[in-house]
Structures are given as C-alpha cells and as structure tokens.
file input-v1.cif (mmCIF, C-alpha atoms and all ligand atoms)
data_final
#
loop_
_atom_site.label_atom_id
_atom_site.label_comp_id
_atom_site.auth_asym_id
_atom_site.auth_seq_id
_atom_site.Cartn_x
_atom_site.Cartn_y
_atom_site.Cartn_z
CA MET E 213 140.48 68.99 204.31
CA SER E 214 138.82 65.99 205.97
CA LYS E 215 135.28 66.09 207.27
CA LEU E 216 134.84 66.79 210.99
CA ALA E 217 133.69 63.80 213.07
CA ALA E 218 130.97 66.02 214.57
CA PHE E 219 129.41 66.08 211.08
CA GLY E 220 129.82 62.43 210.19
CA GLY E 221 133.53 62.32 209.25
CA THR E 222 135.95 59.69 210.57
CA ALA E 223 137.28 60.57 214.03
CA ALA E 224 141.00 61.41 214.16
CA VAL E 225 141.39 59.19 217.23
CA PRO E 226 139.97 55.69 216.59
CA ARG E 227 137.71 54.39 219.37
CA ASP E 228 139.95 51.44 220.21
CA ARG E 229 142.92 53.76 220.78
CA ARG E 230 141.20 56.08 223.24
CA HIS E 231 141.46 54.19 226.51
CA VAL E 232 144.71 54.79 228.39
CA PRO E 233 144.95 53.55 231.98
CA TRP E 234 146.26 55.70 234.81
CA PRO E 235 147.80 54.78 237.10
CA LEU E 236 149.83 52.20 235.27
CA ILE E 237 149.67 49.18 237.61
CA THR E 238 152.28 46.46 237.14
CA ASP E 239 153.19 43.20 238.86
CA GLU E 240 155.80 45.14 240.89
CA ASP E 241 152.99 47.23 242.39
CA ARG E 242 150.87 44.15 243.10
CA LYS E 243 153.79 42.38 244.76
CA ALA E 244 154.67 45.45 246.85
CA VAL E 245 151.13 45.71 248.19
CA LEU E 246 150.87 41.98 248.93
CA ASP E 247 154.27 42.01 250.67
CA ALA E 248 153.12 44.92 252.82
CA LEU E 249 149.94 43.01 253.63
CA ASP E 250 152.04 40.09 254.86
CA GLY E 251 154.54 42.39 256.60
CA PRO E 252 154.78 42.88 260.34
CA ARG E 253 153.17 46.33 260.57
CA LEU E 254 150.19 47.72 258.68
CA VAL E 255 150.24 51.00 260.61
CA SER E 256 153.11 53.36 261.43
CA ASP E 257 152.11 54.27 264.99
CA THR E 258 155.25 53.06 266.78
CA ASP E 259 158.99 53.33 266.27
CA GLY E 260 160.54 51.09 263.61
CA ALA E 261 160.85 50.76 259.87
CA ASN E 262 157.88 49.87 257.71
CA ALA E 263 156.65 50.81 254.25
CA VAL E 264 155.56 54.25 255.47
CA SER E 265 158.97 55.24 256.86
CA ARG E 266 160.66 53.72 253.80
CA LEU E 267 158.50 55.88 251.52
CA GLU E 268 159.32 58.99 253.56
CA GLU E 269 163.04 58.31 253.21
CA ALA E 270 162.84 57.41 249.52
CA TRP E 271 160.82 60.53 248.66
CA ALA E 272 163.11 62.87 250.62
CA CYS E 273 166.17 61.28 249.05
CA ARG E 274 164.89 61.21 245.45
CA PHE E 275 163.67 64.82 245.39
CA GLY E 276 166.09 66.46 247.81
CA HIS E 277 163.98 67.26 250.88
CA GLU E 278 165.37 67.19 254.42
CA HIS E 279 162.27 65.77 256.08
CA CYS E 280 159.21 63.95 254.76
CA VAL E 281 156.10 63.04 256.77
CA ALA E 282 153.49 60.75 255.21
CA VAL E 283 149.84 61.53 255.85
CA SER E 284 146.37 60.35 254.82
CA ASN E 285 145.88 62.64 251.79
CA GLY E 286 146.89 65.95 250.22
CA THR E 287 144.13 67.92 251.92
CA THR E 288 145.16 66.81 255.41
CA ALA E 289 148.77 67.53 254.40
CA LEU E 290 147.86 71.18 253.70
CA ALA E 291 145.83 71.54 256.90
CA LEU E 292 148.54 69.88 259.01
CA ALA E 293 151.24 72.12 257.52
CA LEU E 294 149.19 75.17 258.52
CA ALA E 295 148.59 73.70 261.98
CA ALA E 296 152.29 72.97 262.51
CA LEU E 297 153.07 76.57 261.51
CA GLY E 298 150.64 77.83 264.14
CA VAL E 299 147.90 79.04 261.78
CA GLY E 300 144.58 79.14 263.61
CA PRO E 301 141.46 81.16 264.48
CA GLY E 302 141.70 84.83 263.57
CA ASP E 303 144.32 84.26 260.89
CA GLU E 304 144.04 84.78 257.14
CA VAL E 305 145.70 82.59 254.53
CA ILE E 306 146.16 83.79 250.94
CA VAL E 307 145.35 81.16 248.29
CA PRO E 308 144.92 81.40 244.51
CA ALA E 309 141.46 81.88 243.00
CA LEU E 310 142.21 79.07 240.56
CA SER E 311 142.95 75.74 242.23
CA PHE E 312 141.35 72.54 243.45
CA ILE E 313 138.83 73.18 246.24
CA ALA E 314 141.12 71.57 248.85
CA THR E 315 143.49 74.57 248.75
CA GLY E 316 140.65 76.84 249.86
CA LEU E 317 139.23 74.41 252.42
CA ALA E 318 142.49 73.62 254.24
CA PRO E 319 142.70 77.03 256.00
CA VAL E 320 139.04 76.67 257.08
CA HIS E 321 139.79 73.23 258.53
CA GLN E 322 142.38 75.06 260.60
CA MET E 323 139.72 77.67 261.49
CA ALA E 324 141.51 80.36 259.48
CA VAL E 325 139.98 82.41 256.66
CA PRO E 326 141.08 81.84 253.06
CA VAL E 327 141.67 85.11 251.19
CA PHE E 328 141.73 84.59 247.45
CA ALA E 329 144.19 86.27 245.07
CA ASP E 330 144.14 86.34 241.29
CA ILE E 331 146.52 84.40 239.05
CA ASP E 332 149.03 85.07 236.31
CA PRO E 333 147.48 84.71 232.81
CA VAL E 334 150.34 82.60 231.43
CA ALA E 335 151.60 80.51 234.36
CA PHE E 336 148.12 80.12 235.99
CA THR E 337 149.78 80.48 239.41
CA LEU E 338 149.45 83.19 242.11
CA ASP E 339 149.96 86.77 240.92
CA PRO E 340 152.47 88.20 243.46
CA ASP E 341 151.15 91.76 242.99
CA ASP E 342 147.63 90.70 243.90
CA VAL E 343 148.97 88.71 246.86
CA GLU E 344 150.72 91.81 248.15
CA ARG E 345 147.51 93.88 247.84
CA ARG E 346 145.59 91.38 249.96
CA ILE E 347 148.00 91.16 252.89
CA THR E 348 146.61 92.46 256.18
CA ALA E 349 147.80 92.41 259.79
CA ARG E 350 146.00 89.05 260.08
CA THR E 351 147.74 87.32 257.17
CA LYS E 352 149.65 84.36 258.56
CA ALA E 353 150.45 82.26 255.49
CA ILE E 354 150.43 82.08 251.69
CA ILE E 355 149.69 78.88 249.82
CA PRO E 356 151.20 79.10 246.33
CA VAL E 357 149.79 76.29 244.18
CA HIS E 358 152.09 74.85 241.53
CA LEU E 359 149.03 74.44 239.36
CA HIS E 360 149.04 71.83 236.62
CA GLY E 361 152.70 71.10 237.44
CA ALA E 362 154.11 74.60 236.80
CA PRO E 363 156.13 76.26 239.59
CA ALA E 364 154.62 79.44 241.02
CA ASP E 365 156.81 82.57 241.09
CA MET E 366 158.64 81.48 244.24
CA ASP E 367 161.27 84.26 244.05
CA ARG E 368 158.71 87.01 244.42
CA LEU E 369 156.31 85.11 246.68
CA THR E 370 159.00 84.14 249.20
CA ALA E 371 160.37 87.71 249.13
CA ILE E 372 156.90 89.09 249.92
CA ALA E 373 156.41 86.52 252.66
CA ARG E 374 159.79 87.30 254.24
CA ARG E 375 159.11 91.03 254.16
CA HIS E 376 155.81 90.58 255.99
CA GLY E 377 156.87 87.72 258.29
CA ILE E 378 154.40 85.29 256.70
CA ALA E 379 154.77 81.51 256.28
CA VAL E 380 154.72 79.83 252.85
CA VAL E 381 153.12 76.41 252.32
CA GLU E 382 153.60 75.12 248.78
CA ASP E 383 150.64 73.16 247.43
CA SER E 384 152.71 70.81 245.27
CA ALA E 385 149.94 68.25 244.76
CA GLN E 386 150.17 68.60 240.98
CA ALA E 387 153.91 69.08 240.70
CA PRO E 388 156.01 66.29 242.25
CA GLY E 389 159.52 66.32 240.81
CA ALA E 390 159.30 69.79 239.26
CA THR E 391 161.95 72.33 240.15
CA HIS E 392 162.34 76.11 240.46
CA ARG E 393 165.88 77.37 239.76
CA GLY E 394 167.10 73.85 240.42
CA ARG E 395 165.37 73.56 243.81
CA PRO E 396 162.70 70.93 244.39
CA LEU E 397 159.17 72.29 244.75
CA GLY E 398 157.93 71.81 248.29
CA SER E 399 161.19 72.77 249.99
CA ILE E 400 161.41 76.40 248.86
CA GLY E 401 158.76 77.65 251.28
CA ASP E 402 158.46 76.60 254.92
CA ALA E 403 156.59 73.42 254.01
CA GLY E 404 155.32 71.59 250.96
CA ALA E 405 152.27 69.35 250.56
CA PHE E 406 151.97 66.54 248.01
CA SER E 407 149.02 64.33 247.10
CA LEU E 408 149.40 60.69 246.14
CA GLN E 409 145.74 60.44 245.17
CA VAL E 410 145.26 57.90 242.42
CA SER E 411 144.94 60.49 239.63
CA LYS E 412 148.18 62.36 240.44
CA ASN E 413 151.57 62.02 238.70
CA ILE E 414 153.03 59.75 241.39
CA PRO E 415 150.01 57.87 242.68
CA THR E 416 149.08 55.42 245.38
CA CYS E 417 146.27 52.87 245.04
CA GLY E 418 143.75 55.22 246.65
CA GLU E 419 144.39 58.16 248.94
CA GLY E 420 147.65 59.44 250.39
CA GLY E 421 149.69 62.57 251.00
CA LEU E 422 153.17 63.72 251.97
CA LEU E 423 154.55 66.76 253.77
CA VAL E 424 158.10 67.96 253.28
CA THR E 425 160.17 70.59 255.04
CA GLN E 426 163.80 71.56 255.59
CA ASP E 427 163.04 72.41 259.23
CA ALA E 428 163.49 69.60 261.79
CA GLU E 429 161.34 71.30 264.42
CA LEU E 430 158.49 71.80 261.97
CA ALA E 431 158.78 68.16 260.88
CA GLY E 432 158.44 67.16 264.54
CA ALA E 433 155.29 69.27 264.89
CA MET E 434 153.88 67.61 261.76
CA ARG E 435 154.62 64.14 263.18
CA ARG E 436 152.95 64.98 266.48
CA GLY E 437 149.94 66.43 264.68
CA ARG E 438 149.66 63.34 262.50
CA GLN E 439 149.25 61.08 265.51
CA PHE E 440 147.13 62.45 268.36
CA GLY E 441 149.86 64.86 269.51
CA GLU E 442 152.08 61.94 270.54
CA VAL E 443 155.87 61.89 270.32
CA ILE E 444 157.19 58.69 268.73
CA GLU E 445 160.91 58.34 269.38
CA ALA E 446 163.43 55.78 268.19
CA GLY E 447 164.15 53.13 270.81
CA ARG E 448 161.32 54.19 273.14
CA ASP E 449 157.96 52.45 273.59
CA ARG E 450 154.85 54.38 272.61
CA ASP E 451 153.63 56.12 275.78
CA TYR E 452 150.16 57.28 274.65
CA ILE E 453 150.76 60.78 275.99
CA SER E 454 149.37 63.67 273.96
CA TYR E 455 151.78 66.61 274.05
CA GLY E 456 149.49 68.91 272.08
CA LEU E 457 146.60 69.02 269.64
CA GLY E 458 146.72 66.19 267.15
CA TRP E 459 144.65 64.28 264.66
CA ASN E 460 144.79 60.84 263.14
CA TYR E 461 146.22 61.61 259.69
CA LYS E 462 148.42 58.51 259.33
CA MET E 463 149.03 56.71 256.04
CA SER E 464 148.60 52.94 255.77
CA ALA E 465 151.48 50.63 254.86
CA LEU E 466 149.61 49.38 251.75
CA GLN E 467 149.31 52.89 250.32
CA ALA E 468 152.98 53.55 251.03
CA ALA E 469 154.12 50.25 249.49
CA PHE E 470 152.26 50.99 246.25
CA THR E 471 153.82 54.44 245.92
CA LEU E 472 157.29 53.06 246.74
CA ALA E 473 156.94 50.70 243.78
CA GLN E 474 155.74 53.55 241.55
CA LEU E 475 158.63 55.73 242.71
CA ASP E 476 161.07 53.06 241.49
CA ARG E 477 159.79 53.62 237.96
CA TYR E 478 159.25 57.37 238.25
CA ASP E 479 162.46 58.43 236.47
CA ASP E 480 161.63 56.32 233.40
CA TYR E 481 158.04 57.49 233.36
CA GLU E 482 159.02 61.11 233.79
CA ARG E 483 161.60 61.00 230.99
CA ALA E 484 159.01 59.53 228.60
CA ARG E 485 156.34 62.01 229.74
CA GLN E 486 158.61 65.01 229.19
CA GLU E 487 159.43 63.83 225.70
CA ASN E 488 155.82 62.96 224.77
CA VAL E 489 154.31 66.16 226.12
CA THR E 490 156.90 68.63 224.87
CA GLY E 491 156.72 67.10 221.37
CA PHE E 492 152.93 67.36 221.38
CA LEU E 493 152.97 70.96 222.63
CA ALA E 494 155.60 72.01 220.06
CA ARG E 495 153.31 70.72 217.33
CA LEU E 496 150.23 72.49 218.72
CA ALA E 497 152.15 75.75 219.21
CA GLU E 498 152.06 76.18 215.42
CA LEU E 499 148.27 76.56 215.39
CA PRO E 500 147.03 80.18 215.32
CA GLY E 501 144.87 81.31 218.21
CA LEU E 502 145.98 78.44 220.44
CA ARG E 503 148.20 79.21 223.42
CA VAL E 504 150.01 76.14 224.74
CA PRO E 505 151.44 75.92 228.28
CA ALA E 506 155.16 76.54 228.66
CA PRO E 507 157.54 76.30 231.63
CA LEU E 508 158.84 79.61 233.00
CA PRO E 509 162.59 80.26 232.57
CA ASP E 510 164.81 78.19 234.86
CA THR E 511 161.97 75.90 235.98
CA THR E 512 160.78 72.44 235.05
CA HIS E 513 157.12 71.49 234.55
CA ALA E 514 155.48 68.27 235.78
CA TRP E 515 152.73 68.51 233.09
CA HIS E 516 150.05 67.16 235.42
CA ILE E 517 147.35 68.93 233.43
CA LEU E 518 147.70 70.57 230.01
CA ARG E 519 145.70 73.81 229.72
CA PHE E 520 145.11 75.47 226.34
CA ARG E 521 143.79 79.00 225.93
CA PHE E 522 141.93 80.04 222.78
CA ASP E 523 141.96 83.53 221.32
CA PRO E 524 138.74 84.41 219.43
CA ALA E 525 140.41 87.35 217.62
CA ALA E 526 142.94 84.97 216.03
CA PHE E 527 139.98 83.03 214.62
CA GLY E 528 138.65 86.27 213.11
CA LEU E 529 135.92 86.20 215.73
CA HIS E 530 135.78 89.75 216.99
CA GLY E 531 132.91 90.27 219.40
CA VAL E 532 132.35 86.54 219.95
CA ARG E 533 132.31 85.49 223.60
CA PRO E 534 135.33 83.32 224.51
CA GLU E 535 132.95 80.82 226.13
CA ALA E 536 131.28 80.30 222.74
CA LEU E 537 134.59 79.48 221.03
CA ARG E 538 135.60 77.27 223.94
CA SER E 539 132.38 75.22 223.88
CA THR E 540 132.55 74.89 220.08
CA LEU E 541 136.11 73.61 220.22
CA ARG E 542 135.23 71.29 223.08
CA ARG E 543 132.42 69.75 221.07
CA LEU E 544 134.46 69.36 217.85
CA LEU E 545 137.59 68.01 219.57
CA ARG E 546 135.61 65.55 221.70
CA ALA E 547 133.90 64.26 218.56
CA GLU E 548 137.39 63.61 217.15
CA GLY E 549 138.24 61.60 220.27
CA VAL E 550 140.18 64.20 222.27
CA PRO E 551 138.68 64.33 225.80
CA MET E 552 138.97 68.09 226.34
CA SER E 553 137.43 69.20 229.62
CA GLN E 554 137.20 72.15 231.95
CA TYR E 555 139.32 72.14 235.09
CA GLN E 556 137.38 74.22 237.61
CA LEU E 557 134.01 75.50 236.43
CA MET E 558 134.34 78.65 238.54
CA PRO E 559 136.91 80.58 240.59
CA LEU E 560 137.27 79.15 244.12
CA PRO E 561 135.77 82.31 245.71
CA ASP E 562 132.52 81.61 243.78
CA GLN E 563 132.12 78.21 245.44
CA LYS E 564 129.06 78.16 247.70
CA VAL E 565 131.13 77.24 250.76
CA PHE E 566 132.93 80.61 250.43
CA THR E 567 130.00 82.81 249.38
CA ASP E 568 127.52 81.44 251.97
CA ARG E 569 130.16 81.38 254.74
CA ILE E 570 128.27 78.98 256.96
CA GLY E 571 131.50 77.24 257.91
CA PHE E 572 131.27 75.52 261.26
CA GLY E 573 127.53 76.18 261.40
CA SER E 574 127.58 79.76 262.62
CA GLY E 575 129.59 81.74 260.10
CA TYR E 576 132.78 80.75 261.86
CA PRO E 577 135.69 81.32 261.05
CA TRP E 578 134.71 84.31 258.87
CA SER E 579 132.82 85.98 261.72
CA VAL E 580 136.14 86.41 263.57
CA THR E 581 138.33 88.25 261.06
CA GLY E 582 135.93 90.55 259.24
CA ALA E 583 137.80 89.77 256.00
CA PRO E 584 135.75 90.95 253.01
CA GLY E 585 133.39 88.23 251.83
CA THR E 586 133.40 86.78 248.34
CA THR E 587 130.49 87.24 245.97
CA ALA E 588 129.84 84.94 243.03
CA ASN E 589 130.69 86.46 239.62
CA GLU E 590 132.80 89.31 241.00
CA GLY E 591 136.52 90.09 240.96
CA TYR E 592 139.43 87.85 239.92
CA PRO E 593 139.38 88.97 236.27
CA VAL E 594 142.33 86.86 235.15
CA THR E 595 140.98 83.68 236.74
CA ARG E 596 137.61 84.34 235.07
CA ALA E 597 139.19 84.99 231.68
CA VAL E 598 141.25 81.78 231.90
CA ILE E 599 138.21 79.70 232.85
CA ALA E 600 136.20 81.30 230.03
CA ASP E 601 138.69 80.77 227.22
CA SER E 602 140.54 77.53 228.02
CA LEU E 603 140.18 73.76 228.10
CA THR E 604 142.39 71.08 229.59
CA LEU E 605 143.68 67.60 228.88
CA GLN E 606 143.95 65.41 231.95
CA LYS E 607 145.40 62.02 232.84
CA ARG E 608 145.68 60.41 229.36
CA HIS E 609 149.08 62.02 228.74
CA LEU E 610 150.54 60.79 232.06
CA HIS E 611 151.09 57.24 230.78
CA PRO E 612 154.72 56.88 229.59
CA GLY E 613 153.47 55.19 226.42
CA ALA E 614 151.08 58.05 225.56
CA GLY E 615 153.29 59.40 222.73
CA ALA E 616 151.32 57.72 219.94
CA LEU E 617 147.99 58.84 221.41
CA LEU E 618 149.25 62.41 221.68
CA GLY E 619 150.21 62.14 218.01
CA LEU E 620 146.57 61.32 217.21
CA TYR E 621 145.43 64.22 219.42
CA GLY E 622 147.74 66.45 217.37
CA ASP E 623 146.09 65.17 214.17
CA ALA E 624 142.69 66.00 215.66
CA PHE E 625 143.70 69.57 216.58
CA GLU E 626 145.15 70.14 213.09
CA LYS E 627 141.99 68.77 211.49
CA VAL E 628 139.76 71.07 213.54
CA TRP E 629 142.03 74.04 212.80
CA ALA E 630 141.90 73.19 209.07
CA ASN E 631 138.12 73.63 209.40
CA ARG E 632 138.46 77.04 210.99
CA ASP E 633 135.68 78.57 208.91
CA MET E 634 133.30 75.99 210.34
CA VAL E 635 134.59 76.67 213.86
CA ALA E 636 133.93 80.38 213.32
CA THR E 637 130.40 79.78 212.01
CA LEU E 638 129.50 77.55 214.97
CA ALA E 639 131.07 79.87 217.56
CA LYS E 640 129.19 82.87 216.13
CA ALA E 641 125.92 80.94 216.26
CA ALA E 642 126.63 79.96 219.89
CA SER E 643 127.52 83.50 220.95
C1 LIG L 1 144.63 66.86 244.47
C2 LIG L 1 144.90 68.20 245.02
C3 LIG L 1 144.80 68.49 246.38
C4 LIG L 1 144.23 67.53 247.39
O1 LIG L 1 144.82 66.29 247.46
P1 LIG L 1 143.96 65.05 247.99
O2 LIG L 1 144.99 63.99 248.16
O3 LIG L 1 142.96 64.73 246.93
O4 LIG L 1 143.33 65.43 249.26
C5 LIG L 1 145.16 69.75 246.83
N1 LIG L 1 145.56 70.70 245.96
C6 LIG L 1 145.65 70.48 244.65
C7 LIG L 1 146.12 71.59 243.76
C8 LIG L 1 145.30 69.23 244.11
O5 LIG L 1 145.38 69.04 242.79
#

call {"tool": "encode", "arguments": {"input": "input-v1.cif", "output": "structure tokens", "more": "lines below"}}
Ligand SMILES: *Cc1c(COP(=O)(O)O)cnc(C)c1O
result
Amino acid sequence: MSKLAAFGGTAAVPRDRRHVPWPLITDEDRKAVLDALDGPRLVSDTDGANAVSRLEEAWACRFGHEHCVAVSNGTTALALALAALGVGPGDEVIVPALSFIATGLAPVHQMAVPVFADIDPVAFTLDPDDVERRITARTKAIIPVHLHGAPADMDRLTAIARRHGIAVVEDSAQAPGATHRGRPLGSIGDAGAFSLQVSKNIPTCGEGGLLVTQDAELAGAMRRGRQFGEVIEAGRDRDYISYGLGWNYKMSALQAAFTLAQLDRYDDYERARQENVTGFLARLAELPGLRVPAPLPDTTHAWHILRFRFDPAAFGLHGVRPEALRSTLRRLLRAEGVPMSQYQLMPLPDQKVFTDRIGFGSGYPWSVTGAPGTTANEGYPVTRAVIADSLTLQKRHLHPGAGALLGLYGDAFEKVWANRDMVATLAKAAS
C-alpha cells in the first residue's frame, strides 16, 4: 500500500502530466477563424450564406434536427425558445433543482416564474413524479436538463407535458450528440437549446448557442426573435421592419467558423472520449462505496461531466455525515493530482436570486403568479443528498487523448481506496 500524497507520498498523477487543454485548438480552427475574418460577412443579418448559416446546416444535418438557429449563447437560446413558445408574464416554467444557474434564470428573463422540481438520484435529471406534483394552471413549459450529458426521462416527461398541454424545451447544453431511444436530444421536445461556450463538448472560441426544433413555424419565431423581430427572407433585401418583439441574439461569423472546424473532428473526438471514459468508469465501478455514472437503457451519454457519489456506510462509516466523507476524499484525491470538484454548491432554489425574489427590482415576476417561494436549506431532498455526497470531474476527460491521464486518475482512486482505514479516520474526525 503506497503512502498517500496528502501525507508526503508520491502523487499518483505526476505534476507534468496534469495539464490537459480544452478546447483542443488546431491549425484547422485557426485557419477557419482567419478565413471568416477575411470573408465577406462577419454578421448574419441579411439573406445569404456565411459561416453562421453553414454551421446551422451542418449541425442540423450531423445530429438529425429539422431546423437550427444560431444565437449568442446557451442562456439566450433557452430564453428565446421560451419566448418563441409564447411563455411570458404570469406563466410558470418547471426546471430541475440541480442545474447550471442559466436554466433557472431563462424563465425570469422571459418574465415567467421558475418552479423547481427535484431530480432522480441516479440519472441526476428531472424526477417526473415531482414535476407532475408541481404543475398548476399556470405551468406553461418544462425544461428538462440533460445534465452532465445524460438524457432526462423524455418518455415520461413528454407524456406529462402532452397530457397537460405544456411545452418542453430541452436544455441540451451539456449533451450535444447524445441520444434517447435513437433520437437526438434537443428534437424530442418542442425545442432544444445548446451551448457552444468554450468549456462545452463542442465548443466555440468564446460564447455561442444553438436552438433546434422540428417545427418550421417555431424556427421562424426564433429567427425573428434573434434579430429585432425582423423577417429575413431568401432573395429579398432586409427591410428593417419589426414584425414583433425581438432581441439582438445573433452569433458572429468567427464563433460559427470555429465551431464548424470543431464539428469536422467531432466524430473522432467523440469515439475516443466514449472509449476513454467508459474504460475509466468500468475500472472505478469495482471500488466499494463509489457509485459511477451510467447511461440509462437505450440512451447514449455525452459524458460532459463525470459525477461520483460516495456511500459512507460502504466505508464502514455509519453516522458520519456524507459531507465529511466527500471533503476527505476531495482532499486526498486532489493531493494525488485528481482535480475533483463540486458542481453546484447548492440547489438552484437556494440561490439568492430565487430566495430574495427581487427580480426586476420590485419582486416581479414572482409578484404576479403567487407561486410558493423558495427558502434556502428546504425541500429538494434528492438534490441535497447528491450535492452532499458527490464530487465531479470536469473538462480534463474531454480531450480525445485523455485516456492515459484517466489511467493515472484510476491509479489515484485505487490508491486512496487501498488506504480506506485512513479515509475513515479522517472522515470521522471531520464529522
Ligand atoms: C452552459 C450551460 C448553460 C448556459 O450556456 P451559456 O452558453 O453559458 O449561456 C445552460 N444550461 C446548462 C445546463 C449549461 O451547462
């Protein structure tokens, strides 16, 4: 049994092996951006092909969506999808209690109230039973988040939505390319939102987002909303007439060109990533008290983030708080060179923006619906348990050449688990 790095032993992951870049930027990406810079159109505000329209077509074609509309980022994509579906003041939108803050903010940007629902303890996505409990006469939409790259339970969620006449907007920011019963995420509900933010699986060189839908009319509403409410038609000059409420949510040609170049290599990257990650997880699955993420039956997983849950009882730690085991493992694994971190320090409903409900300066939009407020440290037991007893790995494993590094991470986990008595002693002291 080798000595833990936290106590002076040699780290399982040598320092010079720890840095892994993401995104992986190659000469193809550089050339694509420079070509776009020298191209005829930096902005997609008139009819005609440019990098933005080429990205929309390439994305729709590669993943099997009817329509794709490029926007400025994933957050505006979510808000614009809600807007195009007619979500507005007085409406409620159900979102998961565990997600990135943008999922909870997007309804507020649309002046609707986010209503949080708990998650499934294994998939970490919306619990359909809790969604059903929270539906009211004001519920206008559900935003299932395919968190960490794992498809939400779209069979049950779309059935609930259909029964109540509610729209479904898939937050697919973490799951490009993943499928649910063979269907591409994003096109199962009414609309799907993707983020191309630089840390995501298919990145741009900064900020970007995409909306997809199978509905031509909805795609038209998204396009109008993206550009001041204008209608841009093939073969017709821009007329600067606003046909309805719109914003400026357009994507730049440079951002689109970078993602187009990344998309060319996506299949190779994704194949390598699937192999690297599933091999790593199979190895870790052998360790007692460690629950590794797994795709649900008949789905594929994009592995954007790897979340591991720890079970104190399996460590012989009855009565020890899960937070104590989690922080002990975080400290020991980080000392070995594995950058374990928390993803979300609290459930979304605990975020100050949702407990204080100041909103647009006067308690709006919450003052309109009378939806029950959220209180920090209350409700959402599954979300709280998951945050208390789990840690995540982010970004390092996205690189297609990360297999060797994940091998070293596996060594580190096995080394820490071989010192389980020490883990138990430290966790008890911390509890
Ligand atoms: C990244 C992310 C977003 C927001 O995307 P941006 O492009 O950063 O605005 C929304 N939802 C989830 C789940 C995300 O991970």

call {"tool": "closest_residue", "arguments": {"input": "input-v1.cif", "among": "E:Leu508, E:Met558, E:Cys417, E:Leu290", "to": "Val357 in chain E", "atoms": "all atoms listed in the file"}}
result
E:Leu290

call {"tool": "residues_near_point", "arguments": {"input": "input-v1.cif", "point": "(160.2, 73.9, 239.1)", "cutoff": "12 Å", "atoms": "all atoms listed in the file", "output": "ChimeraX atom specification"}}
result
/E:275,335,357-367,382,384,386-400,506-515

call {"tool": "residues_around", "arguments": {"input": "input-v1.cif", "residues": "range 436-442 of chain E", "least_positions_apart": "2", "cutoff": "10 Å", "atoms": "all atoms listed in the file", "output": "PyMOL selection string"}}
result
chain E and resi 256-257+281-284+288-289+292-293+295-296+430-434+444-445+450-463

call {"tool": "axis_aligned_box", "arguments": {"input": "input-v1.cif", "around": "range 351-362 of chain E", "padding_each_side": "8 Å", "output": "lines of an AutoDock Vina configuration file"}}
result
center_x = 150.9
center_y = 79.2
center_z = 247.6
size_x = 22.4
size_y = 32.2
size_z = 37.9

call {"tool": "residues_near_ligand", "arguments": {"input": "input-v1.cif", "ligand": "ligand LIG 1 (chain L)", "cutoff": "10 Å", "atoms": "all atoms listed in the file", "output": "PyMOL selection string"}}
result
chain E and resi 283-290+308+310-318+355-361+382-387+405-412+415-416+418-422+516-517

call {"tool": "closest_residue", "arguments": {"input": "input-v1.cif", "among": "E:Leu605, E:Leu638, E:Ala624, E:Leu249", "to": "Leu545 in chain E", "atoms": "only C-alpha atoms"}}
result
E:Ala624

call {"tool": "closest_residue", "arguments": {"input": "input-v1.cif", "among": "E:Leu620, E:Ile414, E:Ala536, E:Leu541", "to": "Arg495 in chain E", "atoms": "all atoms listed in the file"}}
result
E:Leu620

call {"tool": "residues_around", "arguments": {"input": "input-v1.cif", "residues": "Gly251 in chain E", "least_positions_apart": "4", "cutoff": "12 Å", "atoms": "all atoms listed in the file", "output": "list of chain:residue names"}}
result
E:Lys243, E:Ala244, E:Val245, E:Leu246, E:Asp247, E:Val255, E:Ala261, E:Asn262, E:Ala263, E:Val264, E:Ala465, E:Leu466, E:Ala469

call {"tool": "closest_atom_pairs", "arguments": {"input": "input-v1.cif", "of": "range 290-339 of chain E", "to": "range 343-353 of chain E", "cutoff": "9 Å", "atoms": "only C-alpha atoms", "output": "Markdown table"}}
result
| residue | atom | partner | partner_atom | distance |
| --- | --- | --- | --- | --- |
| E:Leu294 | CA | E:Ala353 | CA | 7.8 |
| E:Leu297 | CA | E:Ala353 | CA | 8.7 |
| E:Gly298 | CA | E:Lys352 | CA | 8.6 |
| E:Val299 | CA | E:Lys352 | CA | 6.5 |
| E:Gly300 | CA | E:Lys352 | CA | 8.9 |
| E:Gly302 | CA | E:Arg350 | CA | 7.0 |
| E:Asp303 | CA | E:Arg350 | CA | 5.1 |
| E:Glu304 | CA | E:Thr351 | CA | 4.5 |
| E:Val305 | CA | E:Ala353 | CA | 4.9 |
| E:Ile306 | CA | E:Ala353 | CA | 6.4 |
| E:Val307 | CA | E:Val343 | CA | 8.5 |
| E:Pro308 | CA | E:Val343 | CA | 8.7 |
| E:Val327 | CA | E:Arg346 | CA | 7.5 |
| E:Phe328 | CA | E:Arg346 | CA | 8.2 |
| E:Ala329 | CA | E:Val343 | CA | 5.7 |
| E:Asp330 | CA | E:Val343 | CA | 7.7 |
| E:Leu338 | CA | E:Val343 | CA | 7.3 |
| E:Asp339 | CA | E:Val343 | CA | 6.3 |

call {"tool": "closest_residue", "arguments": {"input": "input-v1.cif", "among": "E:Asp480, E:Arg485, E:Pro534, E:Ala473", "to": "Arg521 in chain E", "atoms": "only C-alpha atoms"}}
result
E:Pro534

call {"tool": "residues_near_point", "arguments": {"input": "input-v1.cif", "point": "(136.3, 88.0, 236.4)", "cutoff": "12 Å", "atoms": "only C-alpha atoms", "output": "PyMOL selection string"}}
result
chain E and resi 309-310+329-331+558-562+587-601

call {"tool": "atom_distance", "arguments": {"input": "input-v1.cif", "atom1": "CA of Glu498 in chain E", "atom2": "CA of Lys215 in chain E"}}
result
21.2 Å

call {"tool": "residues_around", "arguments": {"input": "input-v1.cif", "residues": "Ala630 in chain E", "least_positions_apart": "5", "cutoff": "12 Å", "atoms": "all atoms listed in the file", "output": "PDB file with C-alpha atoms, in the coordinates of the input"}}
result
ATOM      1  CA  MET E 213     140.480  68.990 204.310  1.00  0.00           C
ATOM      2  CA  SER E 214     138.820  65.990 205.970  1.00  0.00           C
ATOM      3  CA  LYS E 215     135.280  66.090 207.270  1.00  0.00           C
ATOM      4  CA  LEU E 216     134.840  66.790 210.990  1.00  0.00           C
ATOM      5  CA  LEU E 499     148.270  76.560 215.390  1.00  0.00           C
ATOM      6  CA  PRO E 500     147.030  80.180 215.320  1.00  0.00           C
ATOM      7  CA  PHE E 527     139.980  83.030 214.620  1.00  0.00           C
ATOM      8  CA  ASP E 623     146.090  65.170 214.170  1.00  0.00           C
ATOM      9  CA  ALA E 624     142.690  66.000 215.660  1.00  0.00           C
ATOM     10  CA  PHE E 625     143.700  69.570 216.580  1.00  0.00           C
ATOM     11  CA  VAL E 635     134.590  76.670 213.860  1.00  0.00           C
ATOM     12  CA  ALA E 636     133.930  80.380 213.320  1.00  0.00           C
TER      13      ALA E 636
END
